[in-house]
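Some notes on the structure that comes next.
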Amino acid sequence: MNTDSAKKNFYKRVCTPLSLFLILVSVIFFSEAVIMILLTYGFPQIEKKIMVFVDGILLIVLLFPALYFIFFKILRKEIEAREFAEEVCRASERRCWTLIETSPDCIKLFDDQGKLVFINKGGLEEHNLKDLEEALRWSYLDGIIEEDREVFKQAFQAARNGEIRTIEIRHTKEGSNRKVCLETMAPVLDENGKVNNVFGVSRDISDRKEFERMKDFLMNTIVHDIRGPLGVLKLIIESLKRELSEVRRGEKMQLATIKVNEIDLMLGNLLDLRRIEEGKVKLNFEEFDLGIFIDEVSQCFKVAGEDKKILVSGAASICIRGDKEFLRRTLMNLIGNALKFTPPGSEIEIEFYAEDERNVLIAVKDHGIGVPSEYREKIFDQFVKVKGSLSVESGSGLGLAFCKMAVNAHEGEIWVENREGGGSIFFIRLPKRKPSGQDVQENNH
């Protein structure tokens, strides 16, 4: 509040009632004087003692309402305002304590020597403490791994000097059920501006750190996976220089094309997953023959699967509307996976048929190791790989995630089942017509 406002409030709260009081007292005494003069000269027979008594009674009767309305009423309002302000403060304090106690973050207070003096319910649960009494006997520093204790001490000292400091700290298994926390430490000042406590809030960032670790792992995996086909391409290019047979040159060129497609597919999965998640992809719908489309996609794997047969079967002349590029890459991911897991000399079967009047069903069958039941839902999530499978070595964990997003964008479904005798069947259910309410573009070519 500025000085002018303070002065106005002062005049309003003090000067105005005082002015009213002076005016009312003047009016009262004037009225009393008039009445007493009238009584004195109008009734001269009244005794002096009785006149004084009447004068006193009259003064009290006239003055009491003024005192009540000016002072008692103002005093009552002041008391009511103070009680209301105190209740507001108490309600605000209750809300603050409710927020502190119900917060999932660990909120605590240290004295200026670093001893814990308060910790909320979330902090008790995080550090496996029974109650506040047990927490006060516990050393918070002991729950931090040794390498990060010095960082915590420096942040605490900075808070004691009046600074706010945020750090990352790692906890021991015994000290906390959260691996990594983001710790903010701030000074608490007394009325003289001196730091007498340090306030701390720690937030669990274990999932974020795990995501960052997975992201780094993903990037390293993608780099590793890209280097594989690039190495093959280099060998093909070198061998093409020495190859004299036109047939062999053609086969090697086809193999080189497949390796380039693998790289393109891998990078496309990564980029389009992000675009689909952010809602920046517009599907380009057009009508096409499903059988011809599947034949064209399967031909891309003719050389790569020369020791494994790719058999395509289905009903003739099934037309659907969809984004050919997204569906092409979806099938390429599924066929590519089937080739990885199917042993040499085996067959990969692709079947398609009209499930009913509205939907078509595509099934990609392999003779691999199958998918364990606990992975049949998770396998379509990003970065997920089946433990103990070849995908640990040869996949980036993005292909099936892309398939799921692409199929969902068509308002379809994708799932996996194990087949009798070994292997997996990946099913895709797609609507024959353009899904309603989608952000799509029409292509009439």
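In the structure tokens, chains take the letters A, B, ... in the order shown, each chain's residues start at 1, and ligands count up from 1 in the order shown.
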Determine, counting only C-alpha atoms, which protein, DNA and RNA residues have an atom within 7 Å of an atom of Pro431 of chain A; residues of the same chain fewer than 3 positions away are not included. Present the result as a list of chain:residue names. A:Arg358, A:Asn359, A:Val360, A:Gly412
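Looking only at segment 132-204 of chain A, the set that DSSP places in strand (DSSP E or B) from backbone geometry is Ile144, Arg165, Thr166, Ile167, Glu168, Ile169, Arg170, His171, Val180, Cys181, Leu182, Glu183, Thr184, Met185, Ala186, Pro187, Val188, Leu189, Val195, Asn196, Asn197, Val198, Phe199, Gly200, Val201, Ser202, Arg203 and Asp204 of chain A.
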Just the selected residues (N, CA and C atoms), exported as a compact mmCIF listing (two decimals), in the first residue's frame, please.
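Contents of the output file again_37.txt:
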```txt
# COMPACT_ATOMS: atom_id res chain seq x y z
N ILE A 144 20.94 -40.20 1.17
CA ILE A 144 21.47 -39.77 -0.12
C ILE A 144 22.74 -40.55 -0.41
N ARG A 165 18.23 -22.82 -4.30
CA ARG A 165 19.06 -23.70 -5.11
C ARG A 165 18.27 -24.98 -5.44
N THR A 166 18.33 -25.42 -6.70
CA THR A 166 17.69 -26.67 -7.14
C THR A 166 18.75 -27.62 -7.65
N ILE A 167 18.72 -28.86 -7.16
CA ILE A 167 19.74 -29.84 -7.52
C ILE A 167 19.07 -31.19 -7.79
N GLU A 168 19.81 -32.08 -8.43
CA GLU A 168 19.38 -33.46 -8.59
C GLU A 168 20.17 -34.32 -7.60
N ILE A 169 19.44 -35.15 -6.86
CA ILE A 169 20.11 -36.05 -5.93
C ILE A 169 19.58 -37.46 -6.10
N ARG A 170 20.46 -38.42 -5.86
CA ARG A 170 20.10 -39.83 -5.93
C ARG A 170 20.07 -40.42 -4.53
N HIS A 171 19.06 -41.24 -4.29
CA HIS A 171 18.90 -41.82 -2.97
C HIS A 171 19.39 -43.27 -2.94
N VAL A 180 15.75 -41.05 -8.10
CA VAL A 180 16.29 -39.72 -8.38
C VAL A 180 15.24 -38.67 -8.07
N CYS A 181 15.63 -37.60 -7.40
CA CYS A 181 14.71 -36.53 -7.05
C CYS A 181 15.30 -35.18 -7.44
N LEU A 182 14.41 -34.26 -7.76
CA LEU A 182 14.78 -32.86 -8.00
C LEU A 182 14.52 -32.10 -6.71
N GLU A 183 15.57 -31.64 -6.08
CA GLU A 183 15.50 -31.04 -4.74
C GLU A 183 15.65 -29.53 -4.84
N THR A 184 14.65 -28.80 -4.31
CA THR A 184 14.72 -27.34 -4.24
C THR A 184 14.82 -26.92 -2.79
N MET A 185 15.80 -26.10 -2.48
CA MET A 185 16.04 -25.64 -1.11
C MET A 185 15.96 -24.12 -1.08
N ALA A 186 15.18 -23.61 -0.10
CA ALA A 186 14.96 -22.16 -0.01
C ALA A 186 15.07 -21.71 1.44
N PRO A 187 15.53 -20.47 1.67
CA PRO A 187 15.67 -19.97 3.05
C PRO A 187 14.31 -19.55 3.63
N VAL A 188 14.14 -19.70 4.94
CA VAL A 188 12.98 -19.21 5.66
C VAL A 188 13.48 -18.12 6.61
N LEU A 189 12.95 -16.90 6.45
CA LEU A 189 13.45 -15.75 7.20
C LEU A 189 12.54 -15.45 8.39
N VAL A 195 17.98 -15.85 8.41
CA VAL A 195 17.60 -17.23 8.03
C VAL A 195 17.64 -18.10 9.29
N ASN A 196 16.48 -18.64 9.66
CA ASN A 196 16.45 -19.53 10.82
C ASN A 196 16.04 -20.95 10.47
N ASN A 197 15.54 -21.15 9.23
CA ASN A 197 15.19 -22.49 8.77
C ASN A 197 15.45 -22.59 7.27
N VAL A 198 15.53 -23.82 6.80
CA VAL A 198 15.66 -24.08 5.36
C VAL A 198 14.51 -24.98 4.93
N PHE A 199 13.78 -24.52 3.93
CA PHE A 199 12.62 -25.24 3.42
C PHE A 199 13.05 -26.07 2.22
N GLY A 200 12.65 -27.34 2.17
CA GLY A 200 13.05 -28.22 1.07
C GLY A 200 11.87 -28.95 0.45
N VAL A 201 11.87 -29.04 -0.86
CA VAL A 201 10.86 -29.81 -1.59
C VAL A 201 11.58 -30.69 -2.60
N SER A 202 11.31 -32.00 -2.56
CA SER A 202 11.93 -32.90 -3.53
C SER A 202 10.84 -33.60 -4.33
N ARG A 203 11.02 -33.63 -5.64
CA ARG A 203 10.05 -34.23 -6.56
C ARG A 203 10.69 -35.42 -7.26
N ASP A 204 9.92 -36.49 -7.35
CA ASP A 204 10.42 -37.72 -7.96
C ASP A 204 10.56 -37.54 -9.48
```
Name the residues in contact with Glu126 of chain A at a cut-off of 6 Å, using only C-alpha atoms, excluding same-chain residues fewer than 3 positions from it; report them as a CSV table (one decimal) with N, CA and C atoms, in the first residue's frame.
```
chain,number,residue,atom,x,y,z
A,123,GLY,N,6.6,-37.3,2.3
A,123,GLY,CA,8.0,-37.5,2.7
A,123,GLY,C,8.2,-38.8,3.5
A,176,SER,N,15.3,-44.3,0.5
A,176,SER,CA,14.1,-43.8,-0.2
A,176,SER,C,13.6,-44.9,-1.2
A,177,ASN,N,12.3,-44.8,-1.6
A,177,ASN,CA,11.8,-45.6,-2.6
A,177,ASN,C,11.8,-44.9,-4.0
```
